[in-house]
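Participant: This is the structure, below, for whatever I ask next.
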Amino acid sequence: MRIVLISGIVFVHVPYDPATSPYAGTYGGLDWLRVFLGESLFRVGVPCLSAISGYLLFRRGSDNFDFGKTLKTKVRTVLLPFLLWNLAFLALVFVAQSKDVSSGYLPEVVEASLREWLSLAFALEDLPINLPLYFLRDLLLCIVLSPALGWLIKRYPAQTLAVLLAYVVLPVPNGIFLKKSILFGFSAGICMSLHRIDIHRLDRFSWPIAIAFFSAAALLSALLFEYGPNFPVWLEALRSLIAISGIVGSWAVSALLVRTSIGAALARGSGLSFWIFCTHFPLLVLFWMIWNRMDIGYYPAFYGLAPLATIAMLTGAYTLSERWLPVLTAILTGSRTGSARNTRARTGAVRAGPSPQQRT
């Protein structure tokens with residue numbers, strides 16, 4: 001699910017300017033497709049990825065949940081990659097803007113105040129300079145709150161999720177979160193894990209659920225295209241509801257995909273998916289800058305080429321990096337690479353001693 005969702009998130013972040021906005025209606029059916037993919041269908045990625053994280057965090061139950069150990073692990077797997085990727089991009093943007101490059105494409109860094117710098121660097125109050133990494137920032141907040149969330153969801157699952165759903169859907173302040181749906185998705189994942197909900201029972205209904213999910217996304221995109229870019233409150237609420245329903249919809253789609261050879265291959269791409277997630281936004285911005293400098297003008301060509309070129313180039317870069325710089329790649333992907341997992345497995349085997357089968 002991760003690699004499919006994150007590939008979809010690449011389409012969400014394809015840059016455009018006011019003249020090429022999908023709501024301008026300049027390109028007819030293509031504009032509707034852009035709204036469908038970027039503003040409706042693939043917006044489910046954030047709550048779905050949050051649900052996966054919450055589910056895996058409590059997969060051994062609340063009694064075996066070690067909060068201290070979890071925090072130490074997440075410093076390596078979430079916080080460190082966030083800091084490395086975001087601060088590196090911030091430094092690059094500072095150098096570029098100092099030489100009058102990239103101005104107008106990204107937030108102004110050179111003349112930013114200290115408060116703005118802190119947000120761009122650490123996402124304290126607003127989006128980080130590497131925009132998609134707000135997900136990692138909010139995920140860290142969820143992890144810090146996980147003991148309280150686990151306690152509430154174990155004892156009052158329906159009430160807790162109802163309150164969080166209202167928090168997401170209703171026009172209330174975000175509070176400490178940048179994206180409210182992350183908290184709900186994370187909590188829904190905890191609920192499925194702690195209450196041992198057999199989500200595989202949905203697999204026999206995969207086709208009806210997938211069709212209903214795509215139909216809802218198509219309906220939403222039609223409404224967004226009609227009312228955008230300034231949406232009424234009820235449409236924002238509907239948008240949030242459909243994004244959350246994507247947790248179930250994406251599971252149904254993954255059940256269909258994993259039965260195929262392509263889906264089985266994609267399921268092994270944990271490190272690659274995280275690499276693409278952390279790196280795709282800077283590359284898309286670079287492509288957008290080059291496109292405008294070349295003054296080609298035909299935006300549909302950019303929209304079709306940029307996300308595919310981004311995924312292809314980052315896949316190649318990840319393959320080479322894992323082969324030539326395995327230690328650095330493991331750090332940058334939060335120990336999600338194959339080499340990092342193999343090292344942990346070997347270390348665990350040494351500490352635990354040989355198995356009965358190995359002794360024979």
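As shown in the structure tokens, the chain order sets the letters A, B, ...; within each chain, residues go from 1, and ligands are also counted from 1 in the order they appear.
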Please report as a Markdown table every residue of stretch 138-235 of chain A lying within 6 Å of stretch 248-262 of chain A, along with the nearest atom pair and their distance in Å (one decimal), using only C-alpha atoms.
Facilitator:
```
| residue | atom | partner | partner_atom | distance |
| --- | --- | --- | --- | --- |
| A:Ser206 | CA | A:Ala252 | CA | 4.5 |
| A:Ala210 | CA | A:Gly249 | CA | 5.6 |
| A:Phe213 | CA | A:Gly249 | CA | 5.4 |
```
Participant: If we count only C-alpha atoms, what is near A:Asp66 at a cut-off of 10 Å, once residues fewer than 6 positions away on the same chain are taken out, given as an mmCIF file with N, CA and C atoms, in the first residue's frame?
Facilitator:
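And here is the file that came out, around24.cif:
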```
data_model
loop_
_atom_site.group_PDB
_atom_site.id
_atom_site.type_symbol
_atom_site.label_atom_id
_atom_site.label_comp_id
_atom_site.auth_asym_id
_atom_site.auth_seq_id
_atom_site.Cartn_x
_atom_site.Cartn_y
_atom_site.Cartn_z
ATOM 1 N N LEU A 57 2.159 0.012 15.033
ATOM 2 C CA LEU A 57 2.707 0.398 16.332
ATOM 3 C C LEU A 57 2.150 -0.460 17.461
ATOM 4 N N PHE A 58 0.879 -0.843 17.374
ATOM 5 C CA PHE A 58 0.239 -1.616 18.442
ATOM 6 C C PHE A 58 -0.061 -3.053 18.016
ATOM 7 N N PRO A 147 0.537 6.583 23.941
ATOM 8 C CA PRO A 147 0.036 5.922 25.162
ATOM 9 C C PRO A 147 -1.373 6.375 25.538
#
```
Participant: Considering only C-alpha atoms, state which residue in the set A:Phe205, A:Phe11, A:Tyr303, A:Tyr16 is at the smallest distance from A:Gly38.
Facilitator: A:Phe11
Participant: To one decimal place in Å, what is the distance between atom CA of A:Ala217 and atom CA of A:Arg201?
Facilitator: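 Atom-to-atom, atom CA of A:Ala217 and atom CA of A:Arg201 are spaced 23.4 Å apart.
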Participant: List the spatial neighbours of A:His280 as JSON, numbers by chain - criterion: any atom at most 7 Å away, only C-alpha atoms, same-chain residues fewer than 3 positions off excluded.
Facilitator: {"A": [10, 276, 277, 283, 284, 310]}
Participant: Could those residues be written to a file, using all heavy atoms, as an mmCIF file, in the first residue's frame?
Facilitator:
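So the final result, stored in part30.cif, reads:
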```cif
data_model
loop_
_atom_site.group_PDB
_atom_site.id
_atom_site.type_symbol
_atom_site.label_atom_id
_atom_site.label_comp_id
_atom_site.auth_asym_id
_atom_site.auth_seq_id
_atom_site.Cartn_x
_atom_site.Cartn_y
_atom_site.Cartn_z
ATOM 1 N N VAL A 10 2.874 11.848 -5.249
ATOM 2 C CA VAL A 10 3.690 12.599 -6.201
ATOM 3 C C VAL A 10 2.795 13.436 -7.116
ATOM 4 O O VAL A 10 3.086 14.607 -7.415
ATOM 5 C CB VAL A 10 4.578 11.649 -7.032
ATOM 6 C CG1 VAL A 10 5.335 12.417 -8.113
ATOM 7 C CG2 VAL A 10 5.572 10.920 -6.133
ATOM 8 N N ILE A 276 11.193 7.945 -2.087
ATOM 9 C CA ILE A 276 10.393 8.763 -2.998
ATOM 10 C C ILE A 276 9.602 9.821 -2.226
ATOM 11 O O ILE A 276 9.513 10.980 -2.645
ATOM 12 C CB ILE A 276 9.446 7.875 -3.835
ATOM 13 C CG1 ILE A 276 10.249 7.001 -4.798
ATOM 14 C CG2 ILE A 276 8.442 8.728 -4.609
ATOM 15 C CD1 ILE A 276 9.409 6.001 -5.568
ATOM 16 N N PHE A 277 9.060 9.422 -1.084
ATOM 17 C CA PHE A 277 8.272 10.362 -0.295
ATOM 18 C C PHE A 277 9.106 11.566 0.137
ATOM 19 O O PHE A 277 8.663 12.716 0.049
ATOM 20 C CB PHE A 277 7.708 9.657 0.943
ATOM 21 C CG PHE A 277 6.935 10.567 1.851
ATOM 22 C CD1 PHE A 277 5.650 10.960 1.521
ATOM 23 C CD2 PHE A 277 7.502 11.047 3.026
ATOM 24 C CE1 PHE A 277 4.933 11.820 2.348
ATOM 25 C CE2 PHE A 277 6.803 11.905 3.847
ATOM 26 C CZ PHE A 277 5.518 12.284 3.515
ATOM 27 N N LEU A 283 12.514 17.588 -6.275
ATOM 28 C CA LEU A 283 12.749 17.279 -7.690
ATOM 29 C C LEU A 283 11.648 17.842 -8.570
ATOM 30 O O LEU A 283 11.911 18.362 -9.670
ATOM 31 C CB LEU A 283 12.872 15.766 -7.871
ATOM 32 C CG LEU A 283 13.338 15.279 -9.248
ATOM 33 C CD1 LEU A 283 14.671 15.906 -9.624
ATOM 34 C CD2 LEU A 283 13.442 13.752 -9.269
ATOM 35 N N LEU A 284 10.400 17.768 -8.123
ATOM 36 C CA LEU A 284 9.299 18.352 -8.886
ATOM 37 C C LEU A 284 9.464 19.862 -9.035
ATOM 38 O O LEU A 284 9.212 20.426 -10.107
ATOM 39 C CB LEU A 284 7.961 18.036 -8.203
ATOM 40 C CG LEU A 284 7.401 16.633 -8.371
ATOM 41 C CD1 LEU A 284 6.187 16.433 -7.465
ATOM 42 C CD2 LEU A 284 7.022 16.349 -9.824
ATOM 43 N N THR A 310 9.937 11.844 -12.277
ATOM 44 C CA THR A 310 10.355 11.913 -10.879
ATOM 45 C C THR A 310 10.445 10.527 -10.263
ATOM 46 O O THR A 310 11.454 10.172 -9.630
ATOM 47 C CB THR A 310 9.367 12.787 -10.073
ATOM 48 O OG1 THR A 310 9.423 14.126 -10.577
ATOM 49 C CG2 THR A 310 9.705 12.784 -8.603
#
```
Participant: Using DSSP on the backbone, list every residue of stretch 11-247 of chain A that comes out as helix (DSSP H, G or I), and give them as a count of residues only.
Facilitator: 174
